[in-house]
Structures are given as structure tokens and as C-alpha cells.
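J.: mmCIF, C-alpha atoms, file target.cif:
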data_work
loop_
_atom_site.group_PDB
_atom_site.id
_atom_site.type_symbol
_atom_site.label_atom_id
_atom_site.label_comp_id
_atom_site.auth_asym_id
_atom_site.auth_seq_id
_atom_site.Cartn_x
_atom_site.Cartn_y
_atom_site.Cartn_z
ATOM 1 C CA LYS A 1 12.380 -10.102 14.054
ATOM 2 C CA ALA A 2 13.310 -9.768 10.380
ATOM 3 C CA GLY A 3 10.975 -7.751 8.187
ATOM 4 C CA VAL A 4 9.418 -8.654 4.881
ATOM 5 C CA THR A 5 12.041 -9.330 2.251
ATOM 6 C CA GLN A 6 11.610 -9.199 -1.486
ATOM 7 C CA THR A 7 13.934 -10.412 -4.194
ATOM 8 C CA PRO A 8 15.196 -9.213 -6.478
ATOM 9 C CA ARG A 9 15.115 -5.507 -5.668
ATOM 10 C CA TYR A 10 15.559 -4.444 -9.273
ATOM 11 C CA LEU A 11 14.794 -6.222 -12.513
ATOM 12 C CA ILE A 12 14.964 -5.282 -16.176
ATOM 13 C CA LYS A 13 13.112 -7.369 -18.732
ATOM 14 C CA THR A 14 11.983 -6.989 -22.317
ATOM 15 C CA ARG A 15 8.497 -7.210 -23.727
ATOM 16 C CA GLY A 16 7.184 -10.731 -24.086
ATOM 17 C CA GLN A 17 9.367 -12.200 -21.373
ATOM 18 C CA GLN A 18 8.090 -13.528 -18.099
ATOM 19 C CA VAL A 19 9.238 -12.735 -14.582
ATOM 20 C CA THR A 20 8.969 -14.257 -11.119
ATOM 21 C CA LEU A 21 9.197 -12.171 -7.977
ATOM 22 C CA SER A 22 9.693 -13.573 -4.508
ATOM 23 C CA CYS A 23 8.488 -12.486 -1.088
ATOM 24 C CA SER A 24 9.408 -13.832 2.345
ATOM 25 C CA PRO A 25 6.929 -12.674 4.996
ATOM 26 C CA ILE A 26 7.640 -11.960 8.620
ATOM 27 C CA SER A 27 8.030 -15.188 10.554
ATOM 28 C CA GLY A 28 4.638 -16.395 11.768
ATOM 29 C CA HIS A 29 2.638 -14.335 9.274
ATOM 30 C CA ARG A 30 0.277 -16.424 7.184
ATOM 31 C CA SER A 31 -1.133 -13.790 4.850
ATOM 32 C CA VAL A 32 0.776 -12.348 1.921
ATOM 33 C CA SER A 33 -0.660 -9.688 -0.365
ATOM 34 C CA TRP A 34 0.808 -8.295 -3.559
ATOM 35 C CA TYR A 35 0.385 -4.769 -4.889
ATOM 36 C CA GLN A 36 1.467 -2.918 -8.024
ATOM 37 C CA GLN A 37 2.493 0.707 -7.555
ATOM 38 C CA THR A 38 2.772 3.169 -10.432
ATOM 39 C CA PRO A 39 2.849 6.987 -10.339
ATOM 40 C CA GLY A 40 -0.427 7.315 -12.213
ATOM 41 C CA GLN A 41 -2.496 4.552 -10.620
ATOM 42 C CA GLY A 42 -1.024 4.435 -7.139
ATOM 43 C CA LEU A 43 -1.072 1.178 -5.199
ATOM 44 C CA GLN A 44 -3.331 -1.412 -6.771
ATOM 45 C CA PHE A 45 -4.171 -4.729 -5.134
ATOM 46 C CA LEU A 46 -3.171 -7.812 -7.111
ATOM 47 C CA PHE A 47 -4.040 -10.751 -4.865
ATOM 48 C CA GLU A 48 -3.803 -12.155 -1.369
ATOM 49 C CA TYR A 49 -2.733 -15.593 -0.266
ATOM 50 C CA PHE A 50 -3.516 -17.123 3.094
ATOM 51 C CA SER A 51 -2.332 -20.586 4.094
ATOM 52 C CA GLU A 52 -1.437 -21.418 0.479
ATOM 53 C CA THR A 53 -4.888 -20.420 -0.836
ATOM 54 C CA GLN A 54 -5.742 -17.358 -2.877
ATOM 55 C CA ARG A 55 -8.231 -15.426 -0.723
ATOM 56 C CA ASN A 56 -8.792 -12.264 -2.740
ATOM 57 C CA LYS A 57 -7.989 -11.109 -6.245
ATOM 58 C CA GLY A 58 -7.825 -7.660 -7.793
ATOM 59 C CA ASN A 59 -8.718 -6.621 -11.324
ATOM 60 C CA PHE A 60 -5.619 -7.696 -13.180
ATOM 61 C CA PRO A 61 -5.392 -9.894 -16.286
ATOM 62 C CA GLY A 62 -4.586 -13.574 -16.068
ATOM 63 C CA ARG A 63 -0.960 -12.844 -16.997
ATOM 64 C CA PHE A 64 -0.514 -12.020 -13.322
ATOM 65 C CA SER A 65 -0.491 -15.050 -11.080
ATOM 66 C CA GLY A 66 0.863 -16.061 -7.745
ATOM 67 C CA ARG A 67 1.273 -18.835 -5.267
ATOM 68 C CA GLN A 68 2.156 -19.402 -1.659
ATOM 69 C CA PHE A 69 4.228 -22.187 -0.221
ATOM 70 C CA SER A 70 3.767 -24.100 3.019
ATOM 71 C CA ASN A 71 6.346 -21.875 4.730
ATOM 72 C CA SER A 72 4.221 -18.825 3.743
ATOM 73 C CA ARG A 73 6.789 -17.581 1.229
ATOM 74 C CA SER A 74 5.080 -16.308 -1.885
ATOM 75 C CA GLU A 75 5.921 -15.769 -5.505
ATOM 76 C CA MET A 76 4.170 -13.798 -8.174
ATOM 77 C CA ASN A 77 4.624 -14.365 -11.873
ATOM 78 C CA VAL A 78 3.931 -12.088 -14.789
ATOM 79 C CA SER A 79 3.931 -13.668 -18.231
ATOM 80 C CA THR A 80 4.168 -11.983 -21.634
ATOM 81 C CA LEU A 81 5.418 -8.738 -20.159
ATOM 82 C CA GLU A 82 4.116 -5.438 -21.513
ATOM 83 C CA LEU A 83 5.627 -1.964 -21.206
ATOM 84 C CA GLY A 84 2.792 -1.007 -18.883
ATOM 85 C CA ASP A 85 3.866 -3.647 -16.397
ATOM 86 C CA SER A 86 6.814 -1.459 -15.394
ATOM 87 C CA ALA A 87 6.153 -0.678 -11.750
ATOM 88 C CA LEU A 88 7.149 -1.206 -8.151
ATOM 89 C CA TYR A 89 5.738 -4.506 -6.938
ATOM 90 C CA LEU A 90 5.139 -4.572 -3.206
ATOM 91 C CA CYS A 91 4.520 -7.517 -0.992
ATOM 92 C CA ALA A 92 2.848 -7.196 2.403
ATOM 93 C CA SER A 93 2.405 -9.767 5.136
ATOM 94 C CA SER A 94 0.070 -9.914 8.109
ATOM 95 C CA LEU A 95 -0.707 -12.358 10.873
ATOM 96 C CA GLU A 96 -4.190 -13.096 9.615
ATOM 97 C CA THR A 97 -5.970 -12.210 6.443
ATOM 98 C CA SER A 98 -5.445 -8.581 5.484
ATOM 99 C CA GLY A 99 -9.215 -8.190 5.086
ATOM 100 C CA GLY A 100 -9.614 -8.527 8.829
ATOM 101 C CA GLY A 101 -8.087 -5.104 9.298
ATOM 102 C CA ASN A 102 -4.880 -6.535 10.638
ATOM 103 C CA GLU A 103 -1.762 -4.461 10.131
ATOM 104 C CA GLN A 104 0.083 -5.169 6.916
ATOM 105 C CA PHE A 105 3.857 -4.983 6.923
ATOM 106 C CA PHE A 106 5.320 -4.089 3.558
ATOM 107 C CA GLY A 107 8.580 -5.127 2.000
ATOM 108 C CA PRO A 108 10.806 -2.656 0.118
ATOM 109 C CA GLY A 109 9.444 -3.795 -3.235
ATOM 110 C CA THR A 110 10.843 -5.031 -6.517
ATOM 111 C CA ARG A 111 11.325 -2.361 -9.180
ATOM 112 C CA LEU A 112 10.477 -3.956 -12.536
ATOM 113 C CA THR A 113 11.364 -2.167 -15.744
ATOM 114 C CA VAL A 114 10.079 -3.554 -19.037
ATOM 115 C CA LEU A 115 11.906 -2.357 -22.151
ATOM 116 C CA THR B 1 -13.932 -0.039 -8.380
ATOM 117 C CA GLN B 2 -13.887 2.398 -5.498
ATOM 118 C CA LEU B 3 -13.524 6.092 -6.333
ATOM 119 C CA LEU B 4 -10.928 7.441 -3.940
ATOM 120 C CA GLU B 5 -9.348 10.866 -4.107
ATOM 121 C CA GLN B 6 -6.411 12.193 -2.142
ATOM 122 C CA SER B 7 -5.554 15.856 -2.136
ATOM 123 C CA PRO B 8 -3.381 17.665 -2.664
ATOM 124 C CA GLN B 9 -1.369 15.404 -4.900
ATOM 125 C CA PHE B 10 1.858 17.277 -4.134
ATOM 126 C CA LEU B 11 2.732 19.551 -1.238
ATOM 127 C CA SER B 12 5.972 21.389 -0.516
ATOM 128 C CA ILE B 13 6.237 23.378 2.699
ATOM 129 C CA GLN B 14 8.822 24.932 4.993
ATOM 130 C CA GLU B 15 9.849 23.296 8.234
ATOM 131 C CA GLY B 16 7.610 24.409 11.074
ATOM 132 C CA GLU B 17 4.481 24.946 8.982
ATOM 133 C CA ASN B 18 1.205 23.099 9.514
ATOM 134 C CA LEU B 19 -0.579 21.132 6.805
ATOM 135 C CA THR B 20 -3.635 19.013 6.166
ATOM 136 C CA VAL B 21 -4.109 16.311 3.545
ATOM 137 C CA TYR B 22 -7.423 14.785 2.612
ATOM 138 C CA CYS B 23 -8.834 11.451 1.557
ATOM 139 C CA ASN B 24 -12.332 11.510 0.041
ATOM 140 C CA SER B 25 -14.718 8.990 -1.427
ATOM 141 C CA SER B 26 -18.375 8.670 -2.350
ATOM 142 C CA SER B 27 -18.484 5.272 -0.606
ATOM 143 C CA VAL B 28 -18.928 4.448 3.046
ATOM 144 C CA PHE B 29 -16.077 2.503 4.572
ATOM 145 C CA SER B 30 -15.934 0.294 7.623
ATOM 146 C CA SER B 31 -12.463 1.528 8.523
ATOM 147 C CA LEU B 32 -9.516 3.406 7.069
ATOM 148 C CA GLN B 33 -5.769 3.233 7.422
ATOM 149 C CA TRP B 34 -3.086 5.861 6.798
ATOM 150 C CA TYR B 35 0.396 4.887 5.650
ATOM 151 C CA ARG B 36 3.620 6.780 5.003
ATOM 152 C CA GLN B 37 6.014 5.621 2.325
ATOM 153 C CA GLU B 38 9.576 6.870 2.063
ATOM 154 C CA PRO B 39 11.631 6.611 -1.134
ATOM 155 C CA GLY B 40 12.937 3.126 -1.767
ATOM 156 C CA GLU B 41 10.784 1.577 0.938
ATOM 157 C CA GLY B 42 7.371 0.069 1.337
ATOM 158 C CA PRO B 43 4.501 1.866 3.105
ATOM 159 C CA VAL B 44 4.439 1.848 6.900
ATOM 160 C CA LEU B 45 1.159 1.888 8.806
ATOM 161 C CA LEU B 46 0.565 5.057 10.850
ATOM 162 C CA VAL B 47 -2.960 4.564 12.155
ATOM 163 C CA THR B 48 -6.283 2.760 11.715
ATOM 164 C CA VAL B 49 -9.558 4.640 12.316
ATOM 165 C CA VAL B 50 -12.797 2.743 12.690
ATOM 166 C CA THR B 51 -15.568 4.891 14.184
ATOM 167 C CA GLY B 52 -17.217 7.817 12.377
ATOM 168 C CA GLY B 53 -15.938 11.074 13.864
ATOM 169 C CA GLU B 54 -12.978 9.337 15.471
ATOM 170 C CA VAL B 55 -9.855 11.421 16.089
ATOM 171 C CA LYS B 56 -6.471 9.838 16.766
ATOM 172 C CA LYS B 57 -3.219 11.566 17.567
ATOM 173 C CA LEU B 58 0.281 10.305 16.915
ATOM 174 C CA LYS B 59 2.727 12.902 18.234
ATOM 175 C CA ARG B 60 2.374 15.830 15.801
ATOM 176 C CA LEU B 61 0.001 13.945 13.496
ATOM 177 C CA THR B 62 -3.779 14.130 13.972
ATOM 178 C CA PHE B 63 -6.049 11.769 12.040
ATOM 179 C CA GLN B 64 -9.798 12.197 11.704
ATOM 180 C CA PHE B 65 -12.414 9.878 10.235
ATOM 181 C CA GLY B 66 -15.462 11.679 8.858
ATOM 182 C CA ASP B 67 -18.792 11.318 10.631
ATOM 183 C CA ALA B 68 -20.260 9.559 7.593
ATOM 184 C CA ARG B 69 -17.158 7.377 7.219
ATOM 185 C CA LYS B 70 -16.636 8.585 3.639
ATOM 186 C CA ASP B 71 -13.612 10.793 4.208
ATOM 187 C CA SER B 72 -10.585 11.309 6.388
ATOM 188 C CA SER B 73 -7.945 13.924 7.030
ATOM 189 C CA LEU B 74 -4.402 13.981 8.322
ATOM 190 C CA HIS B 75 -3.112 17.148 9.976
ATOM 191 C CA ILE B 76 0.574 17.631 10.722
ATOM 192 C CA THR B 77 1.641 20.324 13.164
ATOM 193 C CA ALA B 78 5.054 21.966 12.894
ATOM 194 C CA ALA B 79 6.220 19.773 10.031
ATOM 195 C CA GLN B 80 9.789 18.496 10.103
ATOM 196 C CA PRO B 81 12.018 17.210 7.276
ATOM 197 C CA GLY B 82 11.545 13.705 8.647
ATOM 198 C CA ASP B 83 7.854 13.961 7.738
ATOM 199 C CA THR B 84 8.770 13.963 4.055
ATOM 200 C CA GLY B 85 7.199 11.069 2.194
ATOM 201 C CA LEU B 86 4.158 9.779 0.370
ATOM 202 C CA TYR B 87 1.048 9.652 2.549
ATOM 203 C CA LEU B 88 -1.461 7.012 1.491
ATOM 204 C CA CYS B 89 -4.958 6.422 2.727
ATOM 205 C CA ALA B 90 -6.432 2.935 2.482
ATOM 206 C CA PRO B 91 -10.133 2.562 3.254
ATOM 207 C CA ARG B 92 -11.603 -0.884 3.738
ATOM 208 C CA ASN B 93 -14.724 -1.570 1.735
ATOM 209 C CA THR B 94 -17.582 -3.971 2.297
ATOM 210 C CA GLY B 95 -15.585 -6.615 0.469
ATOM 211 C CA ASN B 96 -13.194 -6.531 3.382
ATOM 212 C CA GLN B 97 -10.310 -5.429 1.175
ATOM 213 C CA PHE B 98 -8.183 -2.337 1.488
ATOM 214 C CA TYR B 99 -7.899 0.051 -1.447
ATOM 215 C CA PHE B 100 -5.184 2.651 -1.656
ATOM 216 C CA GLY B 101 -5.360 6.205 -2.903
ATOM 217 C CA THR B 102 -2.638 7.616 -5.159
ATOM 218 C CA GLY B 103 -1.278 9.502 -2.192
ATOM 219 C CA THR B 104 -0.056 12.949 -1.250
ATOM 220 C CA SER B 105 3.646 13.511 -1.812
ATOM 221 C CA LEU B 106 4.905 15.773 0.968
ATOM 222 C CA THR B 107 8.252 17.558 0.959
ATOM 223 C CA VAL B 108 9.309 19.488 4.049
ATOM 224 C CA ILE B 109 12.116 21.920 3.309
ATOM 225 C CA PRO B 110 14.576 22.571 6.153
#
How does this structure look as C-alpha cells?

T.:
Amino acid sequence: KAGVTQTPRYLIKTRGQQVTLSCSPISGHRSVSWYQQTPGQGLQFLFEYFSETQRNKGNFPGRFSGRQFSNSRSEMNVSTLELGDSALYLCASSLETSGGGNEQFFGPGTRLTVL
Amino acid sequence: TQLLEQSPQFLSIQEGENLTVYCNSSSVFSSLQWYRQEPGEGPVLLVTVVTGGEVKKLKRLTFQFGDARKDSSLHITAAQPGDTGLYLCAPRNTGNQFYFGTGTSLTVIP
């Protein structure tokens, strides 16, 4: 069974631009969560989608948004990029909602650099 | 925001040595997961502990959940280079959401 895939793997943008990252979960998984990982803050939860609905949301500004499609694939968008948005963005999928303690399977991440 | 501390932040040891890393919080958690993340990859789940005082073993790795469910430890016996990576703890709070610590970066030198 294929794992979680994320595209692109690397991305370079400039301040003020917007970016869209994509995540394809493991087949059959309905929950997709997004995390931002930086050396100083570690892994921080952005949001979770389950059956096309946002279930949980972390403490990030409204510039960070996401959506999930009927095939469970998910995208996250960051508008008006700031230097501090440079990070590894990880997507994780699970069979049911991640809050149920189900195992999350992570993708390799998208490394975003904002210049 | 949950206050979660992992220590040490960095650890470099020789192959064959033993080590323990810690995950501490002032909050009580319903459960806790440990992950290992290797460079260029996403975290991989190692174990989930649920009951206070619970001990789980995974080959040379021993995980313990504190009696009060506020802390956890991971002990590695006879570390090997393949154990190198970032070890993350992720407690689950009453909001049913996992939070991650900043991790312990372990390097095992052959």
C-alpha cells in the first residue's frame, strides 16, 4: 500500500506570494492533518480534515487555510508569505480522526523556503 | 497552549551505550505517543502509552508513562547507529488533539 505522498518536496517563494501544498493520504484514510515543523518551535498542529470537513484547528493566522476533497486528498494554502513561514510542512493521514488516538502516518514533508 | 518539555535537546553517544530521554509536562494527558523522525522523512510512530505507570518494550527501546500521566521516558539499551534520529513525544490532551514536543536529536556514533 502506498504511503502518504506530498508535493512538491521543495519550494522556494518570496515574501508576499502565496503557496499551495498537496497531500495524498494512504488509500482508505479519511483524516488528514497538517503540521508545521521548525527547529525552534518543533511540530505545530495546523488543522485536521475529516470527510471534507475541518475538525480541528491550531493557533495559526487566517493566512493558513486548507481543504479536503471527496477522494480525501488535501491541500493547504498559505497567502501573503512571510519569512517566518519557512518550515517543513508535514501531512499525516489516519483511518479515523487523529483525535481518537489512531495512528497517524506522515508524509516526507514539503520544505518551504521564503526569501 | 500545552507546556511540553523534552530533554535533552541534543544527545551524542557511542554505539553500545545506554540512554534515556524525557518528556515532561505540567498537564495530565489521556495518552502519549512517541515518534522517531529521520532526516528527510516524516515522523514514524513507535508506541502509544495509555495507562499511568505503563511500560512498553520495543526490542531495545523501553517506554514508560508516568504514574500521574504527566511525563514519559524512553530508554534505549545498547544504542546502534540506526537509532539516530529525532525522537518526538506527542501527548494527547483533553481536547483530543496531539501536541508534539520539540524533540531530542540523537546521534549514535559507530

J.: So that I can check the surroundings of Phe10 (chain B), please list as a ChimeraX atom specification every protein, DNA and RNA residue that reaches within 8 Å of it, counting all atoms listed in the file and ignoring chain neighbours fewer than 2 positions away.

T.: /B:7-8,12,104-106

J.: Could you give me, as a count of residues only, the residues within 9 Å of Gln41 (chain A), counting all atoms listed in the file and dropping anything in the same chain fewer than 5 positions from it?

T.: 3

J.: To test your reading of the syntax: which residues would the PyMOL selection byres ((chain A) within 9 of (chain B)) return for the file shown? Reply as a VMD selection string.

T.: chain A and resid 37 to 45 56 59 90 to 92 98 to 101 103 to 109

J.: Keeping C-alpha atoms, export the residues of the selection given above as an mmCIF file, in the frame of the given file.

T.:
data_model
loop_
_atom_site.group_PDB
_atom_site.id
_atom_site.type_symbol
_atom_site.label_atom_id
_atom_site.label_comp_id
_atom_site.auth_asym_id
_atom_site.auth_seq_id
_atom_site.Cartn_x
_atom_site.Cartn_y
_atom_site.Cartn_z
ATOM 1 C CA GLN A 37 2.493 0.707 -7.555
ATOM 2 C CA THR A 38 2.772 3.169 -10.432
ATOM 3 C CA PRO A 39 2.849 6.987 -10.339
ATOM 4 C CA GLY A 40 -0.427 7.315 -12.213
ATOM 5 C CA GLN A 41 -2.496 4.552 -10.620
ATOM 6 C CA GLY A 42 -1.024 4.435 -7.139
ATOM 7 C CA LEU A 43 -1.072 1.178 -5.199
ATOM 8 C CA GLN A 44 -3.331 -1.412 -6.771
ATOM 9 C CA PHE A 45 -4.171 -4.729 -5.134
ATOM 10 C CA ASN A 56 -8.792 -12.264 -2.740
ATOM 11 C CA ASN A 59 -8.718 -6.621 -11.324
ATOM 12 C CA LEU A 90 5.139 -4.572 -3.206
ATOM 13 C CA CYS A 91 4.520 -7.517 -0.992
ATOM 14 C CA ALA A 92 2.848 -7.196 2.403
ATOM 15 C CA SER A 98 -5.445 -8.581 5.484
ATOM 16 C CA GLY A 99 -9.215 -8.190 5.086
ATOM 17 C CA GLY A 100 -9.614 -8.527 8.829
ATOM 18 C CA GLY A 101 -8.087 -5.104 9.298
ATOM 19 C CA GLU A 103 -1.762 -4.461 10.131
ATOM 20 C CA GLN A 104 0.083 -5.169 6.916
ATOM 21 C CA PHE A 105 3.857 -4.983 6.923
ATOM 22 C CA PHE A 106 5.320 -4.089 3.558
ATOM 23 C CA GLY A 107 8.580 -5.127 2.000
ATOM 24 C CA PRO A 108 10.806 -2.656 0.118
ATOM 25 C CA GLY A 109 9.444 -3.795 -3.235
#

J.: How big is the axis-aligned box around the listed atoms of region 11-22 of chain B once 6 Å is added on each side, and where is its centre? Give both in Å to one decimal, as lines of an AutoDock Vina configuration file.

T.:
center_x = 1.2
center_y = 19.9
center_z = 4.9
size_x = 29.3
size_y = 22.2
size_z = 24.3

J.: Where does the PyMOL selection byres ((chain B and resi 28) around 8) land in this file, that is, which residues does it pick, as a PDB file with C-alpha atoms, keeping the file's coordinate frame?

T.:
ATOM      1  CA  SER B  25     -14.718   8.990  -1.427  1.00  0.00           C
ATOM      2  CA  SER B  26     -18.375   8.670  -2.350  1.00  0.00           C
ATOM      3  CA  SER B  27     -18.484   5.272  -0.606  1.00  0.00           C
ATOM      4  CA  PHE B  29     -16.077   2.503   4.572  1.00  0.00           C
ATOM      5  CA  SER B  30     -15.934   0.294   7.623  1.00  0.00           C
ATOM      6  CA  ALA B  68     -20.260   9.559   7.593  1.00  0.00           C
ATOM      7  CA  ARG B  69     -17.158   7.377   7.219  1.00  0.00           C
ATOM      8  CA  LYS B  70     -16.636   8.585   3.639  1.00  0.00           C
ATOM      9  CA  ASN B  93     -14.724  -1.570   1.735  1.00  0.00           C
TER      10      ASN B  93
END

J.: Expressed in Å to a single decimal, how great is the separation between CA of Leu81 (chain A) and CA of Ser93 (chain A)?

T.: 25.5 Å

J.: As a list in words, please: the residues near region 73-87 of chain B (cut-off 6 Å, only C-alpha atoms, same-chain neighbours under 2 positions excluded).

T.: Glu15, Gly16, Glu17, Asn18, Leu19, Thr20, Val21, Tyr22, Tyr35, Arg36, Gln37, Glu38, Arg60, Leu61, Thr62, Phe63, Gln64, Gly103, Thr104, Ser105, Leu106, Thr107 and Val108 of chain B

J.: Now that the selection is made, can you save its residues with C-alpha atoms as a JSON list (two decimals), in the frame of the given file?

T.:
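Everything below was put into again_16.json:
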[["chain", "number", "residue", "atom", "x", "y", "z"],
["B", 15, "GLU", "CA", 9.85, 23.30, 8.23],
["B", 16, "GLY", "CA", 7.61, 24.41, 11.07],
["B", 17, "GLU", "CA", 4.48, 24.95, 8.98],
["B", 18, "ASN", "CA", 1.20, 23.10, 9.51],
["B", 19, "LEU", "CA", -0.58, 21.13, 6.80],
["B", 20, "THR", "CA", -3.64, 19.01, 6.17],
["B", 21, "VAL", "CA", -4.11, 16.31, 3.54],
["B", 22, "TYR", "CA", -7.42, 14.78, 2.61],
["B", 35, "TYR", "CA", 0.40, 4.89, 5.65],
["B", 36, "ARG", "CA", 3.62, 6.78, 5.00],
["B", 37, "GLN", "CA", 6.01, 5.62, 2.33],
["B", 38, "GLU", "CA", 9.58, 6.87, 2.06],
["B", 60, "ARG", "CA", 2.37, 15.83, 15.80],
["B", 61, "LEU", "CA", 0.00, 13.94, 13.50],
["B", 62, "THR", "CA", -3.78, 14.13, 13.97],
["B", 63, "PHE", "CA", -6.05, 11.77, 12.04],
["B", 64, "GLN", "CA", -9.80, 12.20, 11.70],
["B", 103, "GLY", "CA", -1.28, 9.50, -2.19],
["B", 104, "THR", "CA", -0.06, 12.95, -1.25],
["B", 105, "SER", "CA", 3.65, 13.51, -1.81],
["B", 106, "LEU", "CA", 4.90, 15.77, 0.97],
["B", 107, "THR", "CA", 8.25, 17.56, 0.96],
["B", 108, "VAL", "CA", 9.31, 19.49, 4.05]]

J.: Using CA of Gly66 (chain A) and CA of Ser86 (chain A) as the two end points, give the distance in Å to one decimal.

T.: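 Calculated distance between CA of Gly66 (chain A) and CA of Ser86 (chain A) is 17.5 Å.
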
J.: For the structure provided, state which residues fall under the PyMOL selection byres ((chain A and resi 113) around 6), and present them as a list in words.

T.: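 Output from the PyMOL selection byres ((chain A and resi 113) around 6), applied to this file: Ile12, Ser86, Leu112 and Val114 of chain A.
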
J.: For each of A:Gly62, A:Ala2, A:Tyr10, A:Arg67, take the minimum atom-to-atom distance to Trp34 (chain A), counting only C-alpha atoms, then give the residue where this is smallest.

T.: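 Using only C-alpha atoms, the shortest distance to Trp34 (chain A) belongs to A:Arg67.
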
J.: Could you jot down the CA of Glu52 (chain A) to CA of Asp85 (chain A) separation for me, Å, one decimal place?

T.: 25.1 Å

J.: Pick from B:Val55, B:Gly66, B:Gln9, B:Cys89: nearest to Cys23 (chain B), with all atoms listed in the file counted?

T.: B:Cys89

J.: When you count all atoms listed in the file, which of these residues is closest to Arg30 (chain A): A:Thr14, A:Leu88, A:Ser72, A:Asn77?

T.: A:Ser72

J.: Could you tell me which of B:Gln6, B:Trp34, B:Asp71, B:Asn24 comes closest to Gly52 (chain B) if we count all atoms listed in the file?

T.: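 That would be B:Asp71, the residue with the smallest distance to Gly52 (chain B).
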
J.: Here is a test: counting all atoms listed in the file, which residue of A:Pro8, A:Tyr49, A:Arg111, A:Lys13 is nearest to Arg73 (chain A)?

T.: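 The answer is A:Tyr49, which sits nearest to Arg73 (chain A).
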
J.: Name the closest residue to Gln17 (chain A) among the candidates A:Ser74, A:Ser51, A:Ser79, A:Gln68; distances are taken between atoms, counting all atoms listed in the file.

T.: A:Ser79
